[in-house]
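See structure below.
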Amino acid sequence: MKRYLIILLAFCLTTVQMKAQDRKVQNKPYIDLRPLHFGIHVGMNMQDIELQNVGPQMITLEDGTTMQQTIATDADKWNAGFSVGVLADLRISNHLNLRVTPTMHFGAKHLTFHNLTDLDPEGFPHEETQDLKNTYISFPVDLKFSAQRWNNYRPYLIAGVNPMINLTGKDQDFIRLKRFDTFLEIGMGCDLYLPFFKLIPELKFCYSLSDALDHNHANDLMDTNKRMYANSVTSGHTKMIVLTLYFE
């Protein structure tokens with residue numbers, strides 16, 4: 001019995017020693033104890049929009065006659081944009097923080113309109129394109145759920161809501177988005193504790209909770225030929241992927 005106790009004690013001592021070897025000197029050991037702190041962040045975004053097509057529609061020509069047109073509209077590629085902003089972080093508990101990160105997003109969405117009733121001699125539909133440029137001011141409010149810190153790493157998850165203001169003015173493009181929108185966002189990241197500051201890479205997914213299309217825009221178009229393209233979709237939900245670097 002005594003021999004087993006000695007073996008168990010030796011195993012425990014060996015385990016503790018191995019753990020001690022795994023441990024490293026912690027940079028900024030008390031940085032997470034601040035009740036409130038601030039920072040800045042920069043990053044890139046990828047914007048997209050999920051469109052619901054209306055299908056066949058009746059249009060009125062300039063001579064007063066009507067005809068049926070079928071136009072399929074799609075956001076056919078992701079465009080990279082730039083994001084920059086500031087951060088305010090409120091500590092709630094050891095593993096929970098409330099974060100507010102006012103941000104400006106610069107980007108665009110590329111749209112392609114396929115007129116399925118207007119075919120060329122080879123049978124391909126006539127196409128129109130639009131670069132839907134957007135500049136957003138966003139006010140995300142997120143909860144940050146952090147794991148236990150290990151050495152100089154601390155992974156976390158975030159979730160929250162993100163009201164946005166679209167600064168893009170009136171124009172004569174096919175489609176225009178509403179001035180205000182609200183996004184649901186979730187993401188993940190990792191706190192990296194460096195000797196002089198904390199660097200945080202984060203990946204976040206944002207999805208619009210409401211129809212983002214300005215349906216009155218078609219009536220404002222001076223070119224009546226554009227209206228059938230503007231009316232080719234019934235709703236649109238904006239999506240965004242944001243890769244951010246925080247400096248705290």
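Chain lettering (A, B, ...) mirrors the order of the structure tokens, residue numbering begins at 1 for each chain separately, and ligand numbering begins at 1 in order of display.
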
Taking the backbone alone, and naming residues the way the document does, which bits of range 4-248 of chain A are strand (DSSP E or B) by DSSP, as JSON, numbers by chain?
{"A": [36, 37, 38, 39, 40, 41, 42, 43, 44, 45, 46, 47, 48, 49, 50, 51, 52, 53, 56, 57, 58, 59, 60, 66, 67, 68, 69, 70, 71, 72, 73, 74, 75, 76, 77, 79, 80, 81, 82, 83, 84, 85, 86, 87, 88, 89, 90, 91, 96, 97, 98, 99, 100, 103, 104, 105, 106, 107, 108, 109, 110, 111, 112, 113, 114, 115, 116, 117, 118, 119, 125, 126, 127, 128, 129, 130, 131, 132, 133, 134, 135, 136, 137, 138, 141, 142, 143, 144, 145, 146, 150, 153, 154, 155, 156, 157, 158, 159, 160, 161, 162, 163, 164, 165, 166, 177, 180, 181, 182, 183, 184, 185, 186, 187, 188, 189, 190, 191, 192, 193, 198, 199, 200, 201, 202, 203, 204, 205, 206, 207, 208, 213, 233, 234, 235, 236, 237, 238, 239, 240, 241, 242, 243, 244, 245, 246, 247]}

Would you mind listing what lies within 10 Å of Met228 in chain A as a list in words, with only C-alpha atoms counted and same-chain residues fewer than 4 positions away left out?
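Non-adjacent residues within range: Gln57, Met58, Ile59, Thr60, Gln69, Thr70, Ile71, Asn115, Phe174, Ala218, Thr224, Ser232 and Val233 of chain A.
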
Can you work out which one of A:Thr103, A:Gln26, A:Thr182, A:Thr112 has the shortest atom-to-atom distance to Ala230 in chain A, counting only C-alpha atoms?
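Of the candidates, the smallest distance to Ala230 in chain A is held by A:Thr112.
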
Let me make sure I understand: among A:Thr66, A:Asn53, A:Ser83, A:Asn45, which one has the smallest atom-to-atom distance to Tyr229 in chain A if we use only C-alpha atoms?
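Going through A:Thr66, A:Asn53, A:Ser83, A:Asn45 one by one, the smallest distance to Tyr229 in chain A is for A:Asn53.
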
Pick out the residues sitting within 10 Å of Leu157 in chain A, and hand them over as a list of chain:residue names; count only C-alpha atoms, and ignore anything fewer than 4 positions along from it in its own chain.
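The contact residues come out as A:Leu96, A:Asp142, A:Leu143, A:Lys144, A:Phe145, A:Ser146, A:Ala147, A:Ile186, A:Gly187, A:Met188, A:Gly189, A:Cys190, A:Glu202, A:Leu203, A:Lys204.
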